[in-house]
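Chemist: Structure file target-v4.cif (mmCIF, C-alpha atoms) right here:
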data_work
#
loop_
_atom_site.label_atom_id
_atom_site.label_comp_id
_atom_site.auth_asym_id
_atom_site.auth_seq_id
_atom_site.Cartn_x
_atom_site.Cartn_y
_atom_site.Cartn_z
CA MET O 1 93.46 130.81 106.25
CA LYS O 2 95.60 132.27 103.47
CA ILE O 3 98.16 129.85 102.05
CA LEU O 4 101.02 130.70 99.72
CA VAL O 5 102.63 127.80 97.85
CA CYS O 6 106.05 128.47 96.34
CA ILE O 7 106.46 126.79 92.95
CA SER O 8 109.81 126.10 91.30
CA HIS O 9 109.92 125.64 87.52
CA VAL O 10 112.36 122.75 87.05
CA PRO O 11 113.44 120.44 84.19
CA ASP O 12 111.65 117.12 83.96
CA THR O 13 113.90 114.43 85.44
CA THR O 14 113.83 112.58 82.10
CA SER O 15 115.28 115.59 80.22
CA LYS O 16 118.75 115.36 78.74
CA ILE O 17 120.96 117.95 80.44
CA ASN O 18 123.59 119.90 78.50
CA PHE O 19 125.62 123.06 79.04
CA ILE O 20 126.71 125.81 76.65
CA ASN O 21 129.12 128.77 76.47
CA GLY O 22 132.07 126.86 77.86
CA ASP O 23 129.90 124.97 80.40
CA THR O 24 128.91 128.22 82.10
CA GLU O 25 125.19 128.13 81.21
CA PHE O 26 122.44 125.53 81.26
CA ASP O 27 121.13 124.69 77.78
CA THR O 28 117.33 125.02 77.86
CA ASN O 29 116.79 123.85 74.27
CA GLY O 30 114.44 120.88 74.11
CA VAL O 31 114.00 120.73 77.89
CA GLN O 32 110.50 120.16 79.25
CA TYR O 33 109.69 121.87 82.54
CA VAL O 34 107.42 120.72 85.37
CA ILE O 35 106.37 121.72 88.89
CA ASN O 36 109.18 120.84 91.28
CA PRO O 37 108.12 117.50 92.86
CA ASN O 38 108.61 118.69 96.45
CA ASP O 39 106.44 121.72 95.66
CA GLU O 40 103.77 119.49 94.13
CA PHE O 41 103.42 117.61 97.41
CA GLY O 42 102.99 120.99 99.14
CA LEU O 43 100.44 122.20 96.60
CA THR O 44 98.38 119.04 97.03
CA ARG O 45 98.37 119.53 100.79
CA ALA O 46 97.30 123.15 100.34
CA ILE O 47 94.41 122.05 98.11
CA TRP O 48 93.34 119.67 100.91
CA PHE O 49 93.20 122.64 103.31
CA GLN O 50 91.21 124.50 100.68
CA GLU O 51 88.67 121.69 100.36
CA GLN O 52 88.43 120.77 104.03
CA GLN O 53 88.90 124.14 105.77
CA GLY O 54 88.06 126.75 103.15
CA ALA O 55 91.63 128.01 102.76
CA GLN O 56 92.54 130.47 100.00
CA VAL O 57 95.48 129.08 98.01
CA THR O 58 97.88 131.27 96.01
CA VAL O 59 100.89 129.94 94.10
CA VAL O 60 104.00 132.04 93.45
CA ASN O 61 107.08 131.71 91.30
CA VAL O 62 110.14 133.86 90.66
CA GLY O 63 110.90 133.72 86.95
CA GLY O 64 110.27 134.97 83.45
CA PRO O 65 107.21 134.54 81.22
CA ASP O 66 108.39 131.01 80.32
CA THR O 67 107.35 129.84 83.80
CA GLU O 68 103.69 130.79 83.35
CA PRO O 69 102.61 127.38 81.92
CA THR O 70 103.85 125.81 85.15
CA LEU O 71 101.82 128.31 87.18
CA ARG O 72 98.79 127.64 84.98
CA LYS O 73 99.14 123.94 85.72
CA ALA O 74 99.09 124.76 89.45
CA LEU O 75 95.92 126.78 88.86
CA ALA O 76 94.42 123.84 86.97
CA ILE O 77 95.20 121.58 89.93
CA GLY O 78 93.12 123.89 92.12
CA ALA O 79 95.00 126.98 93.30
CA ASN O 80 92.79 130.09 93.44
CA GLU O 81 95.29 132.54 91.98
CA ALA O 82 98.92 132.86 90.94
CA ILE O 83 101.72 135.39 91.26
CA ARG O 84 104.84 135.61 89.11
CA VAL O 85 107.69 137.80 90.26
CA ASN O 86 109.22 138.99 87.00
CA ALA O 87 112.88 138.26 87.71
CA ASN O 88 115.60 135.79 86.85
CA PRO O 89 116.09 133.51 89.90
CA THR O 90 119.82 134.09 90.09
CA ASP O 91 120.46 132.49 93.46
CA GLY O 92 118.67 131.20 96.56
CA PHE O 93 119.05 134.35 98.64
CA TYR O 94 117.75 136.56 95.85
CA VAL O 95 114.70 134.30 95.41
CA ALA O 96 114.10 134.23 99.18
CA GLN O 97 114.10 138.04 99.30
CA GLN O 98 111.54 138.25 96.49
CA LEU O 99 109.27 135.62 98.06
CA ALA O 100 109.56 137.23 101.50
CA GLU O 101 108.25 140.49 100.05
CA VAL O 102 105.25 138.65 98.56
CA VAL O 103 104.54 137.00 101.93
CA LYS O 104 104.83 140.29 103.79
CA THR O 105 102.61 142.18 101.35
CA GLY O 106 99.98 139.42 101.11
CA GLY O 107 99.70 138.66 104.82
CA TYR O 108 99.77 134.88 104.38
CA ASP O 109 99.22 132.62 107.39
CA LEU O 110 100.97 129.55 105.99
CA VAL O 111 103.74 129.35 103.39
CA ILE O 112 104.46 125.95 101.87
CA ALA O 113 107.66 125.51 99.88
CA GLY O 114 109.54 122.42 98.84
CA LYS O 115 112.55 121.74 101.04
CA GLU O 116 114.67 121.94 97.86
CA SER O 117 114.27 122.13 94.11
CA LEU O 118 115.40 119.18 92.04
CA ASP O 119 117.56 121.22 89.67
CA TYR O 120 120.11 122.97 91.89
CA ASN O 121 119.23 121.22 95.19
CA GLY O 122 120.19 124.29 97.22
CA GLY O 123 117.74 123.60 100.04
CA MET O 124 118.05 127.15 101.34
CA VAL O 125 115.07 129.25 100.20
CA PRO O 126 112.42 128.28 102.83
CA GLY O 127 114.80 128.80 105.75
CA MET O 128 116.05 132.10 104.39
CA MET O 129 112.48 133.31 103.93
CA ALA O 130 111.65 132.43 107.52
CA ALA O 131 114.75 134.27 108.76
CA LEU O 132 113.95 137.38 106.70
CA LEU O 133 110.36 137.46 107.97
CA GLY O 134 110.91 136.24 111.53
CA HIS O 135 108.34 133.44 111.01
CA ASN O 136 108.33 129.98 112.55
CA PHE O 137 109.92 127.36 110.30
CA VAL O 138 109.75 123.57 109.98
CA ASN O 139 111.97 121.87 107.41
CA SER O 140 111.76 118.36 105.91
CA CYS O 141 108.05 118.40 106.74
CA ILE O 142 106.17 115.12 106.10
CA GLU O 143 102.91 115.80 107.99
CA LEU O 144 100.94 118.99 108.60
CA LYS O 145 97.69 119.83 110.39
CA VAL O 146 96.32 123.26 111.23
CA GLU O 147 93.66 124.05 113.81
CA GLY O 148 92.90 127.70 114.36
CA ASN O 149 96.19 129.53 114.86
CA GLN O 150 98.15 126.41 115.78
CA ALA O 151 99.93 123.97 113.45
CA THR O 152 101.17 120.48 114.22
CA ALA O 153 103.90 119.23 111.91
CA ALA O 154 106.12 116.18 111.67
CA ARG O 155 109.55 116.43 110.18
CA GLU O 156 111.93 113.73 109.02
CA ILE O 157 115.01 113.23 111.17
CA ASP O 158 117.74 110.57 111.18
CA GLY O 159 116.15 107.30 112.20
CA GLY O 160 112.58 108.55 112.49
CA LYS O 161 110.39 111.61 112.68
CA GLU O 162 109.84 114.46 115.13
CA THR O 163 106.45 116.04 115.81
CA VAL O 164 106.39 119.74 116.68
CA THR O 165 103.79 122.46 117.20
CA ALA O 166 104.07 126.06 116.07
CA ALA O 167 101.89 129.14 115.89
CA LEU O 168 100.99 130.74 112.59
CA PRO O 169 102.40 132.44 110.56
CA LEU O 170 104.49 129.43 109.62
CA ILE O 171 106.81 128.48 106.78
CA ILE O 172 107.48 124.84 105.99
CA GLY O 173 109.91 123.08 103.70
CA GLY O 174 107.84 120.13 102.49
CA GLN O 175 108.83 116.88 100.85
CA LYS O 176 107.53 113.46 99.85
CA GLY O 177 105.28 112.24 102.66
CA LEU O 178 103.41 115.51 103.09
CA VAL O 179 100.84 113.69 100.98
CA GLU O 180 100.95 110.24 99.43
CA GLU O 181 102.04 110.01 95.80
CA LYS O 182 98.69 108.45 94.92
CA ASP O 183 96.97 111.63 96.16
CA LEU O 184 98.80 113.98 93.77
CA ARG O 185 96.34 115.80 91.53
CA ILE O 186 96.32 115.54 87.74
CA PRO O 187 94.59 118.48 86.08
CA ASN O 188 91.36 117.47 84.34
CA MET O 189 89.78 119.28 81.39
CA ARG O 190 87.50 121.33 83.63
CA GLY O 191 90.47 122.43 85.75
CA ILE O 192 92.48 123.36 82.66
CA MET O 193 89.62 125.44 81.25
CA THR O 194 88.98 127.13 84.62
CA ALA O 195 92.68 127.96 85.01
CA ARG O 196 92.47 130.22 81.95
CA THR O 197 90.10 132.56 83.78
CA LYS O 198 91.96 132.65 87.10
CA THR O 199 94.10 135.63 88.04
CA LEU O 200 97.84 135.50 87.29
CA THR O 201 99.44 138.64 88.68
CA VAL O 202 102.90 139.75 87.52
CA LEU O 203 104.93 141.72 90.07
CA GLU O 204 108.17 143.54 89.46
CA PRO O 205 111.02 142.46 91.76
CA VAL O 206 112.15 144.42 94.78
CA ALA O 207 115.71 145.68 94.91
CA ALA O 208 117.88 142.81 96.11
CA GLY O 209 121.32 141.45 95.48
CA ALA O 210 122.51 137.96 94.61
CA GLU O 211 125.20 136.53 96.86
CA THR O 212 126.39 133.72 94.57
CA LYS O 213 126.73 132.98 90.87
CA ALA O 214 127.35 129.87 88.81
CA VAL O 215 130.92 129.80 87.51
CA LYS O 216 130.96 126.48 85.67
CA PHE O 217 128.90 123.32 85.32
CA GLU O 218 130.32 119.82 84.98
CA LYS O 219 128.60 116.52 84.28
CA PRO O 220 129.43 113.49 86.45
CA ALA O 221 132.16 111.29 85.06
CA PRO O 222 130.81 108.39 83.01
CA LYS O 223 130.60 105.10 84.83
CA SER O 224 133.38 102.63 84.15
CA ALA O 225 132.75 99.25 82.57
CA VAL O 226 131.48 96.43 84.75
CA LYS O 227 133.89 93.61 85.49
CA LEU O 228 132.23 90.24 86.10
CA PHE O 229 133.57 87.29 88.09
CA SER O 230 132.31 83.73 88.05
CA ALA O 231 130.64 82.42 91.18
CA ASP O 232 133.62 80.15 91.99
CA ASP O 233 136.28 82.89 91.55
CA LEU O 234 136.03 84.46 95.00
CA ASP O 235 139.78 85.01 95.20
CA GLY O 236 139.71 87.07 91.98
CA LEU O 237 136.78 89.13 93.29
CA VAL O 238 138.48 89.84 96.61
CA ASN O 239 141.73 90.75 94.84
CA ALA O 240 139.93 93.19 92.51
CA LEU O 241 138.03 94.83 95.37
CA HIS O 242 141.26 95.19 97.33
CA ASN O 243 143.80 96.18 94.66
CA GLU O 244 141.70 97.73 91.88
CA ALA O 245 138.61 99.25 93.46
CA LYS O 246 140.41 99.75 96.78
CA VAL O 247 137.19 99.43 98.78
CA ILE O 248 138.47 96.75 101.17
#
Turn this file's structure into structure tokens for me.
Modeler:
Amino acid sequence: MKILVCISHVPDTTSKINFINGDTEFDTNGVQYVINPNDEFGLTRAIWFQEQQGAQVTVVNVGGPDTEPTLRKALAIGANEAIRVNANPTDGFYVAQQLAEVVKTGGYDLVIAGKESLDYNGGMVPGMMAALLGHNFVNSCIELKVEGNQATAAREIDGGKETVTAALPLIIGGQKGLVEEKDLRIPNMRGIMTARTKTLTVLEPVAAGAETKAVKFEKPAPKSAVKLFSADDLDGLVNALHNEAKVI
């Protein structure tokens, strides 16, 4: 089984976020980047298939040379090889078109992507890929098993989960639950050294157009000061909730 894991290169959640050029561009200075958490769950599941079923695992990213350390980390975790599409990921549809071409050319049986990246939270790339390729698609995937040409997946729905079956080739949008957090892999020294010798292929992008562009960024408004009431001042609390906060 050939598995392709889509890797997004996203800012660490502890990074301080700022914008430049009149709030039209994200300021990358001093920002540390990591594998998108949803993608890391998918990568760990792919490595399980590699270890238990002999799957061949390739990771792919759409981005510039600055994303290669993130791909190398994925190789150190256990992926067999990596692909970088040499393009600026301008919007979700553009990225989906580039990834769909990689899938089509590589003949992958299973494509694992995070259901969304934790920077822009678009949540559109896996579904767009599936539509472009005509592949089966399961989003919000929290469980996945593959036997032969048949996959059994569970996806999160309101109030519970739904179990479905689908034939390969299959694209999933994975999330927390696909593996347990305790099972996430931390690269060891041997993995880091081995990653240096693994293949990282750079592909030029196919002709494709972006459908959206960022016009302006804005930070959330700062939180207002907290107003405290004593335990015996219930009337004051109710009055503030009614007349000031207007929530009752």
Chemist: For the structure provided, state which residues fall under the PyMOL selection byres ((chain O and resi 207-213) around 7), and present them as a PyMOL selection string.
Modeler: chain O and resi 90-91+93-94+97+205-206+214-215
Chemist: Written as a list in words, which residues does the PyMOL selection byres ((chain O and resi 30) around 10) give for the file shown?
Modeler: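 Applying the PyMOL selection byres ((chain O and resi 30) around 10) to the structure shown produces Ser15, Lys16, Ile17, Asp27, Thr28, Asn29, Val31, Gln32 and Tyr33 of chain O.
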Chemist: Those same residues, written as a compact mmCIF listing (two decimals), in the coordinates of the input with C-alpha atoms?
Modeler:
# COMPACT_ATOMS: atom_id res chain seq x y z
CA SER O 15 115.28 115.59 80.22
CA LYS O 16 118.75 115.36 78.74
CA ILE O 17 120.96 117.95 80.44
CA ASP O 27 121.13 124.69 77.78
CA THR O 28 117.33 125.02 77.86
CA ASN O 29 116.79 123.85 74.27
CA VAL O 31 114.00 120.73 77.89
CA GLN O 32 110.50 120.16 79.25
CA TYR O 33 109.69 121.87 82.54
Chemist: Between O:Thr70, O:Asn61, O:Thr163, O:Asn86, single out the one closest to Pro11 (chain O), counting only C-alpha atoms.
Modeler: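 Going through O:Thr70, O:Asn61, O:Thr163, O:Asn86 one by one, the smallest distance to Pro11 (chain O) is for O:Thr70.
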Chemist: What does the distance between CA of Asp109 (chain O) and CA of Asn136 (chain O) come to in Å, to one decimal place?
Modeler: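 So the answer is 10.8 Å.
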Chemist: Which residue out of O:Glu181, O:Leu200, O:Ile186, O:Val138 has the minimum interatomic distance to Ala167 (chain O) when all atoms listed in the file are used?
Modeler: O:Val138
